[in-house]
file data_36.cif (mmCIF, C-alpha atoms; chains and numbers go by the auth columns)
data_entry
#
loop_
_atom_site.group_PDB
_atom_site.id
_atom_site.type_symbol
_atom_site.label_atom_id
_atom_site.label_comp_id
_atom_site.label_asym_id
_atom_site.label_seq_id
_atom_site.Cartn_x
_atom_site.Cartn_y
_atom_site.Cartn_z
_atom_site.B_iso_or_equiv
_atom_site.auth_seq_id
_atom_site.auth_asym_id
ATOM 1 C CA MET A 1 103.778 101.023 107.706 0.00 292 A
ATOM 2 C CA ARG A 2 104.713 97.469 108.705 0.00 293 A
ATOM 3 C CA PRO A 3 108.272 96.129 108.758 0.00 294 A
ATOM 4 C CA PHE A 4 108.931 92.490 107.923 0.00 295 A
ATOM 5 C CA SER A 5 111.778 90.184 107.039 0.00 296 A
ATOM 6 C CA VAL A 6 111.886 87.834 104.087 0.00 297 A
ATOM 7 C CA VAL A 7 114.029 84.724 104.151 0.00 298 A
ATOM 8 C CA ARG A 8 115.877 83.311 101.179 0.00 299 A
ATOM 9 C CA ASP A 9 113.396 80.607 100.215 0.00 300 A
ATOM 10 C CA ARG A 10 110.530 83.075 99.773 0.00 301 A
ATOM 11 C CA VAL A 11 112.264 85.229 97.184 0.00 302 A
ATOM 12 C CA PRO A 12 110.672 84.425 93.792 0.00 303 A
ATOM 13 C CA ALA A 13 113.217 83.350 91.197 0.00 304 A
ATOM 14 C CA ASP A 14 112.323 86.111 88.714 0.00 305 A
ATOM 15 C CA ILE A 15 112.659 88.874 91.316 0.00 306 A
ATOM 16 C CA ALA A 16 115.886 87.363 92.614 0.00 307 A
ATOM 17 C CA ALA A 17 117.268 87.355 89.076 0.00 308 A
ATOM 18 C CA ARG A 18 116.308 90.997 88.500 0.00 309 A
ATOM 19 C CA VAL A 19 117.915 92.129 91.730 0.00 310 A
ATOM 20 C CA ALA A 20 121.013 90.044 91.000 0.00 311 A
ATOM 21 C CA ALA A 21 121.346 91.709 87.605 0.00 312 A
ATOM 22 C CA ARG A 22 120.996 95.199 89.087 0.00 313 A
ATOM 23 C CA PHE A 23 123.563 94.608 91.821 0.00 314 A
ATOM 24 C CA GLY A 24 126.006 92.400 89.935 0.00 315 A
ATOM 25 C CA LEU A 25 125.396 89.324 92.081 0.00 316 A
ATOM 26 C CA GLY A 26 126.357 86.739 89.496 0.00 317 A
ATOM 27 C CA ALA A 27 127.681 83.229 89.622 0.00 318 A
ATOM 28 C CA ALA A 28 131.028 84.411 91.011 0.00 319 A
ATOM 29 C CA SER A 29 129.358 85.466 94.262 0.00 320 A
ATOM 30 C CA GLY A 30 127.179 82.401 94.463 0.00 321 A
ATOM 31 C CA GLY A 31 124.131 84.115 93.004 0.00 322 A
ATOM 32 C CA VAL A 32 121.300 85.624 95.015 0.00 323 A
ATOM 33 C CA VAL A 33 120.184 82.442 96.737 0.00 324 A
ATOM 34 C CA GLY A 34 123.656 81.088 97.478 0.00 325 A
ATOM 35 C CA GLY A 35 125.099 84.492 98.323 0.00 326 A
ATOM 36 C CA ILE A 36 122.765 85.409 101.181 0.00 327 A
ATOM 37 C CA ASP A 37 123.303 82.154 103.111 0.00 328 A
ATOM 38 C CA GLY A 38 119.796 82.031 104.496 0.00 329 A
ATOM 39 C CA ARG A 39 119.897 85.506 106.018 0.00 330 A
ATOM 40 C CA ALA A 40 116.763 87.656 106.030 0.00 331 A
ATOM 41 C CA ALA A 41 116.458 90.767 103.905 0.00 332 A
ATOM 42 C CA ALA A 42 115.297 93.758 105.918 0.00 333 A
ATOM 43 C CA ALA A 43 112.315 95.357 104.206 0.00 334 A
ATOM 44 C CA VAL A 44 109.493 97.829 104.762 0.00 335 A
ATOM 45 C CA LEU A 45 106.087 97.701 103.070 0.00 336 A
ATOM 46 C CA LEU A 46 104.078 100.899 102.709 0.00 337 A
ATOM 47 C CA ALA A 47 100.503 101.600 101.731 0.00 338 A
ATOM 48 C CA GLN A 48 99.920 104.910 99.911 0.00 339 A
ATOM 49 C CA ALA A 49 103.457 106.150 100.362 0.00 340 A
ATOM 50 C CA ASP A 50 104.145 109.855 100.750 0.00 341 A
ATOM 51 C CA ARG A 51 107.273 111.904 101.392 0.00 342 A
ATOM 52 C CA ASP A 52 107.144 111.683 105.199 0.00 343 A
ATOM 53 C CA LEU A 53 106.452 107.933 105.238 0.00 344 A
ATOM 54 C CA LEU A 54 109.288 107.272 102.831 0.00 345 A
ATOM 55 C CA ARG A 55 111.727 109.286 104.908 0.00 346 A
ATOM 56 C CA SER A 56 110.631 107.367 108.012 0.00 347 A
ATOM 57 C CA ALA A 57 111.085 104.081 106.157 0.00 348 A
ATOM 58 C CA PHE A 58 114.556 105.090 104.977 0.00 349 A
ATOM 59 C CA GLY A 59 115.391 105.933 108.579 0.00 350 A
ATOM 60 C CA LEU A 60 114.998 102.250 109.465 0.00 351 A
ATOM 61 C CA ASP A 61 117.990 101.510 107.189 0.00 352 A
ATOM 62 C CA SER A 62 116.183 98.645 105.490 0.00 353 A
ATOM 63 C CA PHE A 63 117.454 97.418 102.140 0.00 354 A
ATOM 64 C CA LEU A 64 114.052 97.117 100.465 0.00 355 A
ATOM 65 C CA THR A 65 111.291 99.763 100.577 0.00 356 A
ATOM 66 C CA VAL A 66 108.147 98.892 98.586 0.00 357 A
ATOM 67 C CA GLU A 67 104.828 100.643 98.156 0.00 358 A
ATOM 68 C CA LEU A 68 102.025 98.099 97.892 0.00 359 A
ATOM 69 C CA THR A 69 99.509 98.400 95.087 0.00 360 A
ATOM 70 C CA GLU A 70 95.805 98.596 95.789 0.00 361 A
ATOM 71 C CA ARG A 71 95.530 94.951 94.761 0.00 362 A
ATOM 72 C CA GLU A 72 98.239 93.844 97.179 0.00 363 A
ATOM 73 C CA GLU A 73 97.177 95.894 100.198 0.00 364 A
ATOM 74 C CA GLY A 74 94.647 94.181 102.449 0.00 365 A
ATOM 75 C CA THR A 75 94.928 90.782 100.752 0.00 366 A
ATOM 76 C CA GLY A 76 96.308 89.009 103.801 0.00 367 A
ATOM 77 C CA PRO A 77 99.654 87.232 103.395 0.00 368 A
ATOM 78 C CA ILE A 78 102.030 88.983 101.033 0.00 369 A
ATOM 79 C CA ASP A 79 102.346 86.642 98.087 0.00 370 A
ATOM 80 C CA ALA A 80 102.720 89.077 95.201 0.00 371 A
ATOM 81 C CA ASP A 81 105.846 89.992 93.247 0.00 372 A
ATOM 82 C CA TRP A 82 107.749 92.102 95.765 0.00 373 A
ATOM 83 C CA LEU A 83 108.615 89.665 98.535 0.00 374 A
ATOM 84 C CA GLY A 84 112.215 90.521 99.162 0.00 375 A
ATOM 85 C CA ALA A 85 115.780 90.882 98.019 0.00 376 A
ATOM 86 C CA PRO A 86 119.253 89.953 99.234 0.00 377 A
ATOM 87 C CA PRO A 87 120.746 92.243 101.888 0.00 378 A
ATOM 88 C CA MET A 88 123.374 94.675 100.654 0.00 379 A
ATOM 89 C CA GLU A 89 125.787 96.484 102.943 0.00 380 A
ATOM 90 C CA ARG A 90 126.029 99.503 100.661 0.00 381 A
ATOM 91 C CA GLY A 91 122.814 99.825 98.742 0.00 382 A
ATOM 92 C CA PHE A 92 119.061 100.212 98.814 0.00 383 A
ATOM 93 C CA TYR A 93 116.085 99.466 96.604 0.00 384 A
ATOM 94 C CA LEU A 94 112.956 101.603 96.345 0.00 385 A
ATOM 95 C CA SER A 95 109.813 100.505 94.485 0.00 386 A
ATOM 96 C CA LEU A 96 106.887 102.916 94.036 0.00 387 A
ATOM 97 C CA THR A 97 103.740 102.945 91.982 0.00 388 A
ATOM 98 C CA THR A 98 103.708 105.385 89.087 0.00 389 A
ATOM 99 C CA GLY A 99 100.861 107.382 90.628 0.00 390 A
ATOM 100 C CA THR A 100 102.888 107.985 93.774 0.00 391 A
ATOM 101 C CA ALA A 101 106.208 108.558 92.019 0.00 392 A
ATOM 102 C CA TYR A 102 104.653 111.188 89.734 0.00 393 A
ATOM 103 C CA GLY A 103 103.520 113.226 92.732 0.00 394 A
ATOM 104 C CA LEU A 104 106.849 113.066 94.586 0.00 395 A
ATOM 105 C CA GLN A 105 110.251 114.599 94.065 0.00 396 A
ATOM 106 C CA CYS A 106 111.831 111.148 93.913 0.00 397 A
ATOM 107 C CA ALA A 107 115.282 112.378 92.943 0.00 398 A
ATOM 108 C CA VAL A 108 115.323 114.675 95.981 0.00 399 A
ATOM 109 C CA LEU A 109 114.209 111.841 98.285 0.00 400 A
ATOM 110 C CA VAL A 110 116.835 109.445 96.964 0.00 401 A
ATOM 111 C CA CYS A 111 119.607 112.050 97.168 0.00 402 A
ATOM 112 C CA ASP A 112 118.500 113.017 100.684 0.00 403 A
ATOM 113 C CA GLU A 113 118.930 109.377 101.691 0.00 404 A
ATOM 114 C CA LEU A 114 122.300 109.091 99.943 0.00 405 A
ATOM 115 C CA SER A 115 123.415 112.234 101.777 0.00 406 A
ATOM 116 C CA ARG A 116 122.137 110.867 105.099 0.00 407 A
ATOM 117 C CA ARG A 117 124.156 107.708 104.567 0.00 408 A
ATOM 118 C CA GLY A 118 127.266 109.751 103.850 0.00 409 A
ATOM 119 C CA VAL A 119 127.455 108.873 100.148 0.00 410 A
ATOM 120 C CA LEU A 120 126.923 112.349 98.665 0.00 411 A
ATOM 121 C CA THR A 121 128.726 115.542 99.543 0.00 412 A
ATOM 122 C CA PRO A 122 127.029 118.897 98.866 0.00 413 A
ATOM 123 C CA GLU A 123 129.530 119.500 96.064 0.00 414 A
ATOM 124 C CA ARG A 124 128.612 116.269 94.219 0.00 415 A
ATOM 125 C CA ARG A 125 124.885 116.249 94.916 0.00 416 A
ATOM 126 C CA GLY A 126 123.707 118.875 92.428 0.00 417 A
ATOM 127 C CA ASN A 127 124.699 117.144 89.192 0.00 418 A
ATOM 128 C CA ILE A 128 123.674 113.708 90.455 0.00 419 A
ATOM 129 C CA GLU A 129 120.243 114.944 91.509 0.00 420 A
ATOM 130 C CA LEU A 130 119.657 116.672 88.147 0.00 421 A
ATOM 131 C CA CYS A 131 120.678 113.554 86.236 0.00 422 A
ATOM 132 C CA LEU A 132 118.522 111.284 88.394 0.00 423 A
ATOM 133 C CA HIS A 133 115.534 113.615 88.041 0.00 424 A
ATOM 134 C CA GLU A 134 115.775 113.339 84.245 0.00 425 A
ATOM 135 C CA ALA A 135 116.020 109.539 84.350 0.00 426 A
ATOM 136 C CA ILE A 136 113.015 109.204 86.673 0.00 427 A
ATOM 137 C CA ALA A 137 110.932 111.647 84.627 0.00 428 A
ATOM 138 C CA ASN A 138 111.706 109.616 81.480 0.00 429 A
ATOM 139 C CA ALA A 139 110.736 106.383 83.224 0.00 430 A
ATOM 140 C CA ILE A 140 107.433 107.806 84.434 0.00 431 A
ATOM 141 C CA VAL A 141 106.289 109.824 81.424 0.00 432 A
ATOM 142 C CA HIS A 142 107.752 107.989 78.440 0.00 433 A
ATOM 143 C CA GLY A 143 108.032 104.561 80.084 0.00 434 A
ATOM 144 C CA ASN A 144 105.071 103.749 82.301 0.00 435 A
ATOM 145 C CA LEU A 145 102.672 106.414 80.991 0.00 436 A
ATOM 146 C CA GLY A 146 103.685 105.666 77.405 0.00 437 A
ATOM 147 C CA ILE A 147 103.685 109.287 76.209 0.00 438 A
ATOM 148 C CA PRO A 148 106.149 109.709 73.300 0.00 439 A
ATOM 149 C CA SER A 149 108.729 112.431 73.706 0.00 440 A
ATOM 150 C CA ALA A 150 107.842 113.718 70.232 0.00 441 A
ATOM 151 C CA THR A 151 104.322 114.639 71.408 0.00 442 A
ATOM 152 C CA LYS A 152 105.324 118.208 72.219 0.00 443 A
ATOM 153 C CA GLU A 153 106.780 118.658 68.734 0.00 444 A
ATOM 154 C CA GLN A 154 103.326 118.378 67.144 0.00 445 A
ATOM 155 C CA PRO A 155 100.915 121.287 66.579 0.00 446 A
ATOM 156 C CA GLU A 156 99.138 121.959 69.892 0.00 447 A
ATOM 157 C CA GLY A 157 101.760 119.624 71.335 0.00 448 A
ATOM 158 C CA TYR A 158 101.701 120.878 74.912 0.00 449 A
ATOM 159 C CA ARG A 159 97.913 120.713 75.030 0.00 450 A
ATOM 160 C CA LEU A 160 98.025 117.146 73.678 0.00 451 A
ATOM 161 C CA PHE A 161 100.742 116.231 76.177 0.00 452 A
ATOM 162 C CA SER A 162 98.661 117.558 79.090 0.00 453 A
ATOM 163 C CA ARG A 163 95.588 115.645 77.916 0.00 454 A
ATOM 164 C CA LEU A 164 97.508 112.383 77.564 0.00 455 A
ATOM 165 C CA LEU A 165 99.057 112.914 80.986 0.00 456 A
ATOM 166 C CA ARG A 166 95.625 113.301 82.611 0.00 457 A
ATOM 167 C CA GLU A 167 94.234 110.293 80.774 0.00 458 A
ATOM 168 C CA ARG A 168 97.106 107.953 81.625 0.00 459 A
ATOM 169 C CA LEU A 169 97.241 109.018 85.275 0.00 460 A
ATOM 170 C CA GLY A 170 93.486 108.441 85.461 0.00 461 A
ATOM 171 C CA ASP A 171 93.918 104.807 84.404 0.00 462 A
ATOM 172 C CA GLY A 172 94.233 102.682 87.552 0.00 463 A
ATOM 173 C CA ALA A 173 96.242 99.937 85.859 0.00 464 A
ATOM 174 C CA VAL A 174 98.727 102.459 84.502 0.00 465 A
ATOM 175 C CA ARG A 175 99.024 104.235 87.858 0.00 466 A
ATOM 176 C CA GLN A 176 100.040 100.950 89.499 0.00 467 A
ATOM 177 C CA ARG A 177 102.927 100.222 87.144 0.00 468 A
ATOM 178 C CA ARG A 178 106.148 100.335 89.097 0.00 469 A
ATOM 179 C CA ILE A 179 109.148 102.620 89.143 0.00 470 A
ATOM 180 C CA ASP A 180 112.110 100.870 90.754 0.00 471 A
ATOM 181 C CA ILE A 181 115.206 102.741 91.895 0.00 472 A
ATOM 182 C CA PHE A 182 118.283 100.701 92.857 0.00 473 A
ATOM 183 C CA ALA A 183 121.316 102.393 94.414 0.00 474 A
ATOM 184 C CA ARG A 184 124.671 100.865 95.321 0.00 475 A
ATOM 185 C CA TRP A 185 128.017 102.445 96.006 0.00 476 A
ATOM 186 C CA THR A 186 131.663 101.959 96.899 0.00 477 A
ATOM 187 C CA ALA A 187 134.173 104.415 98.305 0.00 478 A
ATOM 188 C CA ASP A 188 134.894 105.646 94.779 0.00 479 A
ATOM 189 C CA GLY A 189 131.663 105.371 92.798 0.00 480 A
ATOM 190 C CA LEU A 190 127.868 105.404 92.841 0.00 481 A
ATOM 191 C CA CYS A 191 125.520 103.464 90.556 0.00 482 A
ATOM 192 C CA ILE A 192 121.787 104.192 90.355 0.00 483 A
ATOM 193 C CA ALA A 193 119.417 102.172 88.169 0.00 484 A
ATOM 194 C CA VAL A 194 115.958 103.488 87.276 0.00 485 A
ATOM 195 C CA VAL A 195 113.608 100.797 85.956 0.00 486 A
ATOM 196 C CA ASP A 196 110.092 101.136 84.523 0.00 487 A
ATOM 197 C CA GLN A 197 107.452 98.723 83.220 0.00 488 A
ATOM 198 C CA GLY A 198 106.795 100.454 79.909 0.00 489 A
ATOM 199 C CA ASN A 199 107.273 99.182 76.378 0.00 490 A
ATOM 200 C CA GLY A 200 110.911 100.230 76.193 0.00 491 A
ATOM 201 C CA PHE A 201 112.714 101.788 73.220 0.00 492 A
ATOM 202 C CA ASP A 202 115.664 101.259 70.916 0.00 493 A
ATOM 203 C CA ALA A 203 118.671 102.590 72.798 0.00 494 A
ATOM 204 C CA ALA A 204 120.741 102.515 69.600 0.00 495 A
ATOM 205 C CA ALA A 205 118.574 105.323 68.203 0.00 496 A
ATOM 206 C CA LEU A 206 119.458 107.744 71.005 0.00 497 A
ATOM 207 C CA PRO A 207 121.279 110.902 69.836 0.00 498 A
ATOM 208 C CA GLN A 208 124.888 111.241 70.878 0.00 499 A
ATOM 209 C CA ASP A 209 124.980 115.042 70.955 0.00 500 A
ATOM 210 C CA THR A 210 122.721 118.080 70.712 0.00 501 A
ATOM 211 C CA ASP A 211 123.715 118.718 67.102 0.00 502 A
ATOM 212 C CA SER A 212 122.062 115.547 65.824 0.00 503 A
ATOM 213 C CA GLY A 213 118.708 117.273 65.178 0.00 504 A
ATOM 214 C CA ALA A 214 116.817 114.459 66.904 0.00 505 A
ATOM 215 C CA HIS A 215 113.451 115.368 68.433 0.00 506 A
ATOM 216 C CA SER A 216 113.636 112.713 71.144 0.00 507 A
ATOM 217 C CA GLY A 217 116.323 111.395 73.479 0.00 508 A
ATOM 218 C CA ARG A 218 117.830 114.791 74.152 0.00 509 A
ATOM 219 C CA GLY A 219 117.523 114.156 77.882 0.00 510 A
ATOM 220 C CA PHE A 220 120.102 111.395 77.504 0.00 511 A
ATOM 221 C CA VAL A 221 122.545 113.878 75.998 0.00 512 A
ATOM 222 C CA PHE A 222 122.027 116.011 79.095 0.00 513 A
ATOM 223 C CA MET A 223 122.530 113.016 81.411 0.00 514 A
ATOM 224 C CA ARG A 224 125.722 111.959 79.631 0.00 515 A
ATOM 225 C CA ALA A 225 127.159 115.400 80.368 0.00 516 A
ATOM 226 C CA LEU A 226 126.520 114.915 84.097 0.00 517 A
ATOM 227 C CA ALA A 227 127.317 111.227 84.686 0.00 518 A
ATOM 228 C CA ARG A 228 130.533 109.286 84.183 0.00 519 A
ATOM 229 C CA ARG A 229 128.612 106.680 82.185 0.00 520 A
ATOM 230 C CA ILE A 230 125.040 105.927 81.079 0.00 521 A
ATOM 231 C CA LEU A 231 123.900 102.406 80.192 0.00 522 A
ATOM 232 C CA VAL A 232 120.455 101.472 78.850 0.00 523 A
ATOM 233 C CA THR A 233 119.374 97.844 79.247 0.00 524 A
ATOM 234 C CA ASP A 234 116.213 95.705 79.395 0.00 525 A
ATOM 235 C CA GLY A 235 115.094 96.944 75.980 0.00 526 A
ATOM 236 C CA GLY A 236 115.098 100.563 77.144 0.00 527 A
ATOM 237 C CA ARG A 237 113.352 99.928 80.463 0.00 528 A
ATOM 238 C CA CYS A 238 116.437 100.273 82.677 0.00 529 A
ATOM 239 C CA THR A 239 118.725 103.316 82.759 0.00 530 A
ATOM 240 C CA LEU A 240 121.905 102.824 84.752 0.00 531 A
ATOM 241 C CA LEU A 241 123.688 105.975 85.908 0.00 532 A
ATOM 242 C CA GLN A 242 127.306 105.766 87.056 0.00 533 A
ATOM 243 C CA PHE A 243 129.032 108.576 88.944 0.00 534 A
ATOM 244 C CA ASP A 244 132.491 109.110 90.404 0.00 535 A
ATOM 245 C CA LEU A 245 132.613 109.986 94.075 0.00 536 A
#
call {"tool": "encode", "arguments": {"input": "data_36.cif", "output": "structure tokens"}}
result
Amino acid sequence: MRPFSVVRDRVPADIAARVAARFGLGAASGGVVGGIDGRAAAAVLLAQADRDLLRSAFGLDSFLTVELTEREEGTGPIDADWLGAPPMERGFYLSLTTGTAYGLQCAVLVCDELSRRGVLTPERRGNIELCLHEAIANAIVHGNLGIPSATKEQPEGYRLFSRLLRERLGDGAVRQRRIDIFARWTADGLCIAVVDQGNGFDAAALPQDTDSGAHSGRGFVFMRALARRILVTDGGRCTLLQFDL
């Protein structure tokens, strides 16, 4: 684990734009570049992240925590996509490879950190953790691994699902697709965005209730019952969860 700081001029424009969109840093606040006034963004890079390393990284109270891919690790100077992000007083950003995220209880880790920072009370945590778990599972399985939710509805569906899961997780390129989790909060509310690098989906086709008879998207019905609001953007690749605190 090696901590580093990234100054404004080294943040690639496309990454800066993505982070600005997630955290609402638009023109009114001067944008990402103008808004950080040359300050450094505290960040931690990890190789082969696991639960203990992530908890140690969170303990440093950095804004950005990123697991390097096999391609990025050991290449000398860090010049790949994930160079940095603007500092946020009430927020953090976690980026993991799919292979790592699949093997971790990411929702538990994120909620542990939110609890440590005093954002979640025990009374509010349960529903938020369940909702976040569903969003992350969707991003991993249906997003980055590209396994349709209707797979289990077919004959021998669970056997087919298990085979596809093994095949996709065995593909190195697929394993290194990223799952990004952005969290920001105020005294009254919490927003968590879960972003994948899959092919996306048509959010307009999502069922609105359990009586629709739809074979896919039922997890979103469940999430809507737990969150104040659910937004799907980036062509289905970003799920934004909003909760009252």
call {"tool": "axis_aligned_box", "arguments": {"input": "data_36.cif", "around": "segment 483-494 of chain A", "padding_each_side": "8 Å", "output": "JSON"}}
result
{"center_x": 114.3, "center_y": 101.5, "center_z": 80.6, "size_x": 31.0, "size_y": 21.5, "size_z": 35.4}
call {"tool": "atom_distance", "arguments": {"input": "data_36.cif", "atom1": "atom CA of Arg342 of chain A", "atom2": "atom CA of Thr389 of chain A"}}
result
14.4 Å
call {"tool": "closest_atom_pairs", "arguments": {"input": "data_36.cif", "of": "segment 412-445 of chain A", "to": "segment 518-532 of chain A", "cutoff": "9 Å", "atoms": "all atoms listed in the file", "output": "Markdown table"}}
result
| residue | atom | partner | partner_atom | distance |
| --- | --- | --- | --- | --- |
| A:Asn418 | CA | A:Ala518 | CA | 7.9 |
| A:Ile419 | CA | A:Ala518 | CA | 7.3 |
| A:Cys422 | CA | A:Ala518 | CA | 7.2 |
| A:Leu423 | CA | A:Leu532 | CA | 7.8 |
| A:Ala426 | CA | A:Thr530 | CA | 7.0 |
| A:Ala430 | CA | A:Arg528 | CA | 7.5 |
| A:Gly434 | CA | A:Arg528 | CA | 7.1 |
call {"tool": "atom_distance", "arguments": {"input": "data_36.cif", "atom1": "atom CA of Ser347 of chain A", "atom2": "atom CA of Asp462 of chain A"}}
result
29.0 Å
call {"tool": "residues_around", "arguments": {"input": "data_36.cif", "residues": "segment 400-409 of chain A", "least_positions_apart": "2", "cutoff": "12 Å", "atoms": "all atoms listed in the file", "output": "MDAnalysis selection string"}}
result
chainID A and resid 341:353 356 380:386 392 395:398 411:424 427 471:478 481:485 536
call {"tool": "write_last_selection", "arguments": {"input": "data_36.cif", "atoms": "C-alpha atoms", "output": "short mmCIF file (atom, residue, chain, number, x, y, z; two decimals), keeping the file's coordinate frame"}}
result
data_model
loop_
_atom_site.label_atom_id
_atom_site.label_comp_id
_atom_site.auth_asym_id
_atom_site.auth_seq_id
_atom_site.Cartn_x
_atom_site.Cartn_y
_atom_site.Cartn_z
CA ASP A 341 104.14 109.86 100.75
CA ARG A 342 107.27 111.90 101.39
CA ASP A 343 107.14 111.68 105.20
CA LEU A 344 106.45 107.93 105.24
CA LEU A 345 109.29 107.27 102.83
CA ARG A 346 111.73 109.29 104.91
CA SER A 347 110.63 107.37 108.01
CA ALA A 348 111.08 104.08 106.16
CA PHE A 349 114.56 105.09 104.98
CA GLY A 350 115.39 105.93 108.58
CA LEU A 351 115.00 102.25 109.46
CA ASP A 352 117.99 101.51 107.19
CA SER A 353 116.18 98.64 105.49
CA THR A 356 111.29 99.76 100.58
CA GLU A 380 125.79 96.48 102.94
CA ARG A 381 126.03 99.50 100.66
CA GLY A 382 122.81 99.82 98.74
CA PHE A 383 119.06 100.21 98.81
CA TYR A 384 116.08 99.47 96.60
CA LEU A 385 112.96 101.60 96.34
CA SER A 386 109.81 100.50 94.48
CA ALA A 392 106.21 108.56 92.02
CA LEU A 395 106.85 113.07 94.59
CA GLN A 396 110.25 114.60 94.06
CA CYS A 397 111.83 111.15 93.91
CA ALA A 398 115.28 112.38 92.94
CA LEU A 411 126.92 112.35 98.66
CA THR A 412 128.73 115.54 99.54
CA PRO A 413 127.03 118.90 98.87
CA GLU A 414 129.53 119.50 96.06
CA ARG A 415 128.61 116.27 94.22
CA ARG A 416 124.88 116.25 94.92
CA GLY A 417 123.71 118.88 92.43
CA ASN A 418 124.70 117.14 89.19
CA ILE A 419 123.67 113.71 90.46
CA GLU A 420 120.24 114.94 91.51
CA LEU A 421 119.66 116.67 88.15
CA CYS A 422 120.68 113.55 86.24
CA LEU A 423 118.52 111.28 88.39
CA HIS A 424 115.53 113.62 88.04
CA ILE A 427 113.02 109.20 86.67
CA ASP A 471 112.11 100.87 90.75
CA ILE A 472 115.21 102.74 91.90
CA PHE A 473 118.28 100.70 92.86
CA ALA A 474 121.32 102.39 94.41
CA ARG A 475 124.67 100.86 95.32
CA TRP A 476 128.02 102.44 96.01
CA THR A 477 131.66 101.96 96.90
CA ALA A 478 134.17 104.42 98.30
CA LEU A 481 127.87 105.40 92.84
CA CYS A 482 125.52 103.46 90.56
CA ILE A 483 121.79 104.19 90.36
CA ALA A 484 119.42 102.17 88.17
CA VAL A 485 115.96 103.49 87.28
CA LEU A 536 132.61 109.99 94.08
#
call {"tool": "closest_residue", "arguments": {"input": "data_36.cif", "among": "A:Ala495, A:Val335, A:Val399, A:Leu387", "to": "Ile470 of chain A", "atoms": "all atoms listed in the file"}}
result
A:Leu387
call {"tool": "atom_distance", "arguments": {"input": "data_36.cif", "atom1": "atom CA of Ser453 of chain A", "atom2": "atom CA of Val432 of chain A"}}
result
11.1 Å
call {"tool": "resolve_selection", "arguments": {"input": "data_36.cif", "expression": "the PyMOL selection byres ((chain A and resi 513) around 9)", "output": "VMD selection string"}}
result
chain A and resid 422 425 500 to 501 509 to 512 514 to 517
